[in-house]
Amino acid sequence: MGMDMQRPVRWGILGTGIIAHEFAKGLQALPDAQLLAVGSRTLTKAQEFAARFHASQAYGSYRELVENAEVDVVYIATPHAYHREHCLLALQADKAVLCEKPFTLNAAEAQEVITLARQKELFCMEAMWMRFMPAMVRLRELIAHEAIGKIFMVNASLGFQIPFDAQHRAYNPHLGGGALLDLGVYPLSLVSQLLGMPTSIASHAQIGATEVDEQAAIILGYADGAVATLTTSLRTYNPNNAVIMGERGQIEIHAPLYRPNGLTLTHYYAPIANGQIAKQSVAKLKSIPFVYQNYQRFRRYAARLRGDGDTRIATPYAANGYQYEASEVMRCLRAGAIESATMPLTETYQIMSLMDTIRAQWHMQYPQEIW
């Protein structure tokens, strides 16, 4: 049975770091959401956070937060290494859960959380905010209407230059550091939604001084012949976009991949029936520069008339974009659903399993002692 539609959904935020602040800002864009409580390891931090975002209750422990009977759903905003522990804590207190990506450190941890959520029939979802951005909603519409036909290739990347600090979350193995878990999960999640699970995987990583993957390249193959190439890095900036290539055109997701504000749809030129004759004709035209230049102008004009070429599609987002995933959670809670069809738990588990397989390949590439 769904929630009362007449009252706001009451949120608790577990953790007070940067991502928690961003999520709280997003909630402010939703009139039917109420940030009720926040929990931190120290009461002072919780109180400061609560004062900034007008939460009425602050706790100096996570357990006190999840045991608040008035909280409907808990957003887990702690580092990756603690996601399993804190998801289980919230679920055991009969709270719905939205857990920041990556869902857990590995598939075994993910399965433990998923099993408990399903046993208790509680809502649970990975906070893959990219999926709920307006650009991604529009992308799914274009793909569903076969705007580019069958997908043959996907190229996606996400990487930033993060200064090396052995204690920083990104480089600290004890906090779930590494490019794949922190950033690579975005292109992997995108490809998962577009192509499903691959049948072949090839990957290589640079393992740094703290024994985490500082950058990596991944090639995925699919049963229908499709191919995906992905890159991620903590050491340098990637293009941070994605290009989906089909039989009739391609779609570029503008950077930054995790929060795009536009797409570019490109239709390919219509194929010429007799390719050999066409090549011979073009070769003759090239020998007469003036004629060839006019031919090129006509070709571009004809392409525009046919609808070929680039079409930029603006997909602006409101506030900071975090409210879209929160809105999906609230929609599901009010409908009595325990999973989101857009970010289902089975797919979250599959993505974690895929990352496990990729990292297992790295074990084979490097001496055992560095792990």
# chains A, B, ... in the order shown; residues from 1 in each chain; ligands from 1
>>> residues_around(residues="region 111-125 of chain A", least_positions_apart="4", cutoff="9 Å", atoms="only C-alpha atoms", output="PyMOL selection string")
chain A and resi 73+84-85+87-88+91-92+94-100+103-104+106-107+329+332-333+336-340+343-346+348-349
>>> residues_around(residues="Asp165 (chain A)", least_positions_apart="3", cutoff="12 Å", atoms="only C-alpha atoms", output="mmCIF file with C-alpha atoms, in the first residue's frame")
data_model
loop_
_atom_site.group_PDB
_atom_site.id
_atom_site.type_symbol
_atom_site.label_atom_id
_atom_site.label_comp_id
_atom_site.auth_asym_id
_atom_site.auth_seq_id
_atom_site.Cartn_x
_atom_site.Cartn_y
_atom_site.Cartn_z
ATOM 1 C CA GLN A 161 42.311 15.192 -12.486
ATOM 2 C CA ILE A 162 42.204 14.675 -8.734
ATOM 3 C CA HIS A 168 41.690 11.160 -0.011
ATOM 4 C CA ARG A 169 38.612 9.017 -0.549
ATOM 5 C CA ALA A 170 39.430 8.584 -4.262
ATOM 6 C CA TYR A 171 42.878 7.106 -3.556
ATOM 7 C CA ASN A 172 42.252 5.370 -0.232
ATOM 8 C CA PRO A 173 41.569 1.620 -0.699
ATOM 9 C CA GLY A 177 38.938 4.286 -3.700
ATOM 10 C CA GLY A 208 48.934 3.403 -8.332
ATOM 11 C CA ALA A 209 50.981 3.685 -5.161
ATOM 12 C CA THR A 210 47.970 3.172 -2.878
ATOM 13 C CA GLU A 214 43.941 5.329 -11.032
ATOM 14 C CA LEU A 234 41.598 10.025 -11.534
ATOM 15 C CA ARG A 235 44.772 11.366 -13.176
#
>>> residues_around(residues="Tyr59 (chain A)", least_positions_apart="6", cutoff="7 Å", atoms="only C-alpha atoms", output="PyMOL selection string")
chain A and resi 38-40+43+46+65
>>> write_last_selection(atoms="all heavy atoms", output="mmCIF file, in the first residue's frame")
data_model
loop_
_atom_site.group_PDB
_atom_site.id
_atom_site.type_symbol
_atom_site.label_atom_id
_atom_site.label_comp_id
_atom_site.auth_asym_id
_atom_site.auth_seq_id
_atom_site.Cartn_x
_atom_site.Cartn_y
_atom_site.Cartn_z
ATOM 1 N N VAL A 38 18.847 14.542 10.164
ATOM 2 C CA VAL A 38 20.176 14.229 9.656
ATOM 3 C C VAL A 38 20.968 13.542 10.753
ATOM 4 O O VAL A 38 20.822 13.863 11.932
ATOM 5 C CB VAL A 38 20.895 15.502 9.154
ATOM 6 C CG1 VAL A 38 21.047 16.517 10.277
ATOM 7 C CG2 VAL A 38 22.252 15.169 8.556
ATOM 8 N N GLY A 39 21.790 12.572 10.342
ATOM 9 C CA GLY A 39 22.627 11.866 11.296
ATOM 10 C C GLY A 39 24.084 11.946 10.904
ATOM 11 O O GLY A 39 24.424 11.834 9.715
ATOM 12 N N SER A 40 24.957 12.142 11.870
ATOM 13 C CA SER A 40 26.391 12.192 11.638
ATOM 14 C C SER A 40 27.088 11.417 12.744
ATOM 15 O O SER A 40 26.463 11.019 13.730
ATOM 16 C CB SER A 40 26.874 13.651 11.628
ATOM 17 O OG SER A 40 28.275 13.719 11.454
ATOM 18 N N LEU A 43 27.569 14.960 16.858
ATOM 19 C CA LEU A 43 26.352 15.755 16.974
ATOM 20 C C LEU A 43 26.546 17.169 16.431
ATOM 21 O O LEU A 43 25.637 17.731 15.807
ATOM 22 C CB LEU A 43 25.915 15.814 18.441
ATOM 23 C CG LEU A 43 24.629 16.595 18.731
ATOM 24 C CD1 LEU A 43 23.448 16.028 17.937
ATOM 25 C CD2 LEU A 43 24.334 16.591 20.222
ATOM 26 N N ALA A 46 26.074 17.252 12.700
ATOM 27 C CA ALA A 46 24.665 17.035 12.383
ATOM 28 C C ALA A 46 23.863 18.310 12.635
ATOM 29 O O ALA A 46 22.995 18.687 11.831
ATOM 30 C CB ALA A 46 24.112 15.876 13.192
ATOM 31 N N LEU A 65 19.314 8.161 13.923
ATOM 32 C CA LEU A 65 18.611 8.665 12.739
ATOM 33 C C LEU A 65 17.637 7.630 12.192
ATOM 34 O O LEU A 65 16.452 7.920 11.990
ATOM 35 C CB LEU A 65 19.611 9.049 11.646
ATOM 36 C CG LEU A 65 18.996 9.343 10.269
ATOM 37 C CD1 LEU A 65 18.186 10.624 10.301
ATOM 38 C CD2 LEU A 65 20.070 9.400 9.194
#
>>> select_by_dssp(residues="region 94-248 of chain A", states="strand (DSSP E)", output="ChimeraX atom specification")
/A:96-100,124-127,151-159,200-207,213-221,227-233,242-246
>>> select_by_dssp(residues="region 148-254 of chain A", states="helix (DSSP H, G or I)", output="list in words")
Pro173, His174, Leu175, Ala179, Leu180, Leu181, Asp182, Leu183, Gly184, Val185, Tyr186, Pro187, Leu188, Ser189, Leu190, Val191, Ser192, Gln193, Leu194 and Leu195 of chain A
>>> residues_around(residues="region 250-256 of chain A", least_positions_apart="4", cutoff="6 Å", atoms="only C-alpha atoms", output="list in words")
Ile148, Asn240, Asn241, Ala242, Val243, Ile244, Met245, Gly246, Pro260, Gly262, Leu263, Thr264, Leu265 and Thr266 of chain A
>>> closest_residue(among="A:Val71, A:Ile219, A:Met128, A:Leu27", to="Phe53 (chain A)", atoms="only C-alpha atoms")
A:Leu27
>>> decode(residues="region 222-236 of chain A", atoms="all heavy atoms", output="PDB file, in the first residue's frame")
ATOM      1  N   TYR A 222      28.974  -7.700 -27.054  1.00  0.00           N
ATOM      2  CA  TYR A 222      27.604  -8.163 -26.813  1.00  0.00           C
ATOM      3  C   TYR A 222      27.191  -9.212 -27.829  1.00  0.00           C
ATOM      4  O   TYR A 222      27.737  -9.286 -28.938  1.00  0.00           O
ATOM      5  CB  TYR A 222      26.645  -6.965 -26.828  1.00  0.00           C
ATOM      6  CG  TYR A 222      26.947  -5.999 -25.716  1.00  0.00           C
ATOM      7  CD1 TYR A 222      27.952  -5.034 -25.850  1.00  0.00           C
ATOM      8  CD2 TYR A 222      26.287  -6.084 -24.498  1.00  0.00           C
ATOM      9  CE1 TYR A 222      28.271  -4.172 -24.804  1.00  0.00           C
ATOM     10  CE2 TYR A 222      26.594  -5.221 -23.452  1.00  0.00           C
ATOM     11  CZ  TYR A 222      27.590  -4.275 -23.614  1.00  0.00           C
ATOM     12  OH  TYR A 222      27.904  -3.440 -22.576  1.00  0.00           O
ATOM     13  N   ALA A 223      26.220 -10.002 -27.439  1.00  0.00           N
ATOM     14  CA  ALA A 223      25.803 -11.142 -28.251  1.00  0.00           C
ATOM     15  C   ALA A 223      25.338 -10.722 -29.641  1.00  0.00           C
ATOM     16  O   ALA A 223      25.488 -11.477 -30.612  1.00  0.00           O
ATOM     17  CB  ALA A 223      24.697 -11.919 -27.531  1.00  0.00           C
ATOM     18  N   ASP A 224      24.758  -9.537 -29.772  1.00  0.00           N
ATOM     19  CA  ASP A 224      24.252  -9.087 -31.068  1.00  0.00           C
ATOM     20  C   ASP A 224      25.305  -8.395 -31.917  1.00  0.00           C
ATOM     21  O   ASP A 224      25.008  -7.851 -32.981  1.00  0.00           O
ATOM     22  CB  ASP A 224      23.050  -8.164 -30.888  1.00  0.00           C
ATOM     23  CG  ASP A 224      23.402  -6.865 -30.183  1.00  0.00           C
ATOM     24  OD1 ASP A 224      24.571  -6.721 -29.727  1.00  0.00           O
ATOM     25  OD2 ASP A 224      22.530  -5.976 -30.087  1.00  0.00           O
ATOM     26  N   GLY A 225      26.566  -8.385 -31.442  1.00  0.00           N
ATOM     27  CA  GLY A 225      27.652  -7.778 -32.204  1.00  0.00           C
ATOM     28  C   GLY A 225      28.007  -6.374 -31.770  1.00  0.00           C
ATOM     29  O   GLY A 225      29.010  -5.818 -32.229  1.00  0.00           O
ATOM     30  N   ALA A 226      27.229  -5.764 -30.907  1.00  0.00           N
ATOM     31  CA  ALA A 226      27.520  -4.412 -30.445  1.00  0.00           C
ATOM     32  C   ALA A 226      28.807  -4.400 -29.619  1.00  0.00           C
ATOM     33  O   ALA A 226      29.190  -5.407 -29.009  1.00  0.00           O
ATOM     34  CB  ALA A 226      26.359  -3.863 -29.629  1.00  0.00           C
ATOM     35  N   VAL A 227      29.465  -3.236 -29.591  1.00  0.00           N
ATOM     36  CA  VAL A 227      30.715  -3.058 -28.854  1.00  0.00           C
ATOM     37  C   VAL A 227      30.643  -1.749 -28.078  1.00  0.00           C
ATOM     38  O   VAL A 227      30.116  -0.751 -28.568  1.00  0.00           O
ATOM     39  CB  VAL A 227      31.923  -3.018 -29.818  1.00  0.00           C
ATOM     40  CG1 VAL A 227      33.209  -2.723 -29.055  1.00  0.00           C
ATOM     41  CG2 VAL A 227      32.054  -4.331 -30.580  1.00  0.00           C
ATOM     42  N   ALA A 228      31.181  -1.741 -26.860  1.00  0.00           N
ATOM     43  CA  ALA A 228      31.263  -0.522 -26.056  1.00  0.00           C
ATOM     44  C   ALA A 228      32.696  -0.334 -25.582  1.00  0.00           C
ATOM     45  O   ALA A 228      33.359  -1.291 -25.169  1.00  0.00           O
ATOM     46  CB  ALA A 228      30.319  -0.595 -24.861  1.00  0.00           C
ATOM     47  N   THR A 229      33.195   0.897 -25.665  1.00  0.00           N
ATOM     48  CA  THR A 229      34.519   1.229 -25.159  1.00  0.00           C
ATOM     49  C   THR A 229      34.362   2.316 -24.100  1.00  0.00           C
ATOM     50  O   THR A 229      33.706   3.329 -24.329  1.00  0.00           O
ATOM     51  CB  THR A 229      35.454   1.720 -26.276  1.00  0.00           C
ATOM     52  OG1 THR A 229      34.889   2.879 -26.891  1.00  0.00           O
ATOM     53  CG2 THR A 229      35.648   0.641 -27.320  1.00  0.00           C
ATOM     54  N   LEU A 230      34.983   2.093 -22.937  1.00  0.00           N
ATOM     55  CA  LEU A 230      34.810   2.990 -21.799  1.00  0.00           C
ATOM     56  C   LEU A 230      36.171   3.357 -21.219  1.00  0.00           C
ATOM     57  O   LEU A 230      37.077   2.519 -21.174  1.00  0.00           O
ATOM     58  CB  LEU A 230      33.975   2.318 -20.710  1.00  0.00           C
ATOM     59  CG  LEU A 230      32.715   1.559 -21.145  1.00  0.00           C
ATOM     60  CD1 LEU A 230      32.093   0.847 -19.959  1.00  0.00           C
ATOM     61  CD2 LEU A 230      31.718   2.508 -21.774  1.00  0.00           C
ATOM     62  N   THR A 231      36.312   4.604 -20.775  1.00  0.00           N
ATOM     63  CA  THR A 231      37.528   5.009 -20.067  1.00  0.00           C
ATOM     64  C   THR A 231      37.150   5.779 -18.815  1.00  0.00           C
ATOM     65  O   THR A 231      36.103   6.430 -18.761  1.00  0.00           O
ATOM     66  CB  THR A 231      38.441   5.892 -20.942  1.00  0.00           C
ATOM     67  OG1 THR A 231      37.729   7.063 -21.347  1.00  0.00           O
ATOM     68  CG2 THR A 231      38.928   5.144 -22.161  1.00  0.00           C
ATOM     69  N   THR A 232      38.028   5.696 -17.816  1.00  0.00           N
ATOM     70  CA  THR A 232      37.815   6.428 -16.576  1.00  0.00           C
ATOM     71  C   THR A 232      39.172   6.727 -15.963  1.00  0.00           C
ATOM     72  O   THR A 232      40.130   5.963 -16.144  1.00  0.00           O
ATOM     73  CB  THR A 232      36.928   5.626 -15.598  1.00  0.00           C
ATOM     74  OG1 THR A 232      36.638   6.426 -14.463  1.00  0.00           O
ATOM     75  CG2 THR A 232      37.590   4.334 -15.153  1.00  0.00           C
ATOM     76  N   SER A 233      39.295   7.843 -15.253  1.00  0.00           N
ATOM     77  CA  SER A 233      40.601   8.232 -14.731  1.00  0.00           C
ATOM     78  C   SER A 233      40.472   9.180 -13.544  1.00  0.00           C
ATOM     79  O   SER A 233      39.542   9.989 -13.468  1.00  0.00           O
ATOM     80  CB  SER A 233      41.428   8.923 -15.826  1.00  0.00           C
ATOM     81  OG  SER A 233      42.694   9.317 -15.333  1.00  0.00           O
ATOM     82  N   LEU A 234      41.429   9.061 -12.616  1.00  0.00           N
ATOM     83  CA  LEU A 234      41.598  10.025 -11.534  1.00  0.00           C
ATOM     84  C   LEU A 234      42.766  10.955 -11.823  1.00  0.00           C
ATOM     85  O   LEU A 234      42.999  11.915 -11.090  1.00  0.00           O
ATOM     86  CB  LEU A 234      41.891   9.302 -10.208  1.00  0.00           C
ATOM     87  CG  LEU A 234      40.865   8.283  -9.700  1.00  0.00           C
ATOM     88  CD1 LEU A 234      41.396   7.601  -8.446  1.00  0.00           C
ATOM     89  CD2 LEU A 234      39.528   8.942  -9.421  1.00  0.00           C
ATOM     90  N   ARG A 235      43.517  10.677 -12.898  1.00  0.00           N
ATOM     91  CA  ARG A 235      44.772  11.366 -13.176  1.00  0.00           C
ATOM     92  C   ARG A 235      44.670  12.437 -14.257  1.00  0.00           C
ATOM     93  O   ARG A 235      45.480  13.349 -14.320  1.00  0.00           O
ATOM     94  CB  ARG A 235      45.830  10.345 -13.577  1.00  0.00           C
ATOM     95  CG  ARG A 235      46.355   9.520 -12.412  1.00  0.00           C
ATOM     96  CD  ARG A 235      46.963  10.411 -11.357  1.00  0.00           C
ATOM     97  NE  ARG A 235      47.869   9.690 -10.468  1.00  0.00           N
ATOM     98  CZ  ARG A 235      48.611  10.265  -9.547  1.00  0.00           C
ATOM     99  NH1 ARG A 235      48.550  11.576  -9.384  1.00  0.00           N
ATOM    100  NH2 ARG A 235      49.398   9.570  -8.782  1.00  0.00           N
ATOM    101  N   THR A 236      43.670  12.323 -15.146  1.00  0.00           N
ATOM    102  CA  THR A 236      43.552  13.285 -16.236  1.00  0.00           C
ATOM    103  C   THR A 236      42.088  13.456 -16.607  1.00  0.00           C
ATOM    104  O   THR A 236      41.249  12.624 -16.261  1.00  0.00           O
ATOM    105  CB  THR A 236      44.356  12.827 -17.465  1.00  0.00           C
ATOM    106  OG1 THR A 236      44.368  13.878 -18.441  1.00  0.00           O
ATOM    107  CG2 THR A 236      43.757  11.570 -18.098  1.00  0.00           C
TER     108      THR A 236
END
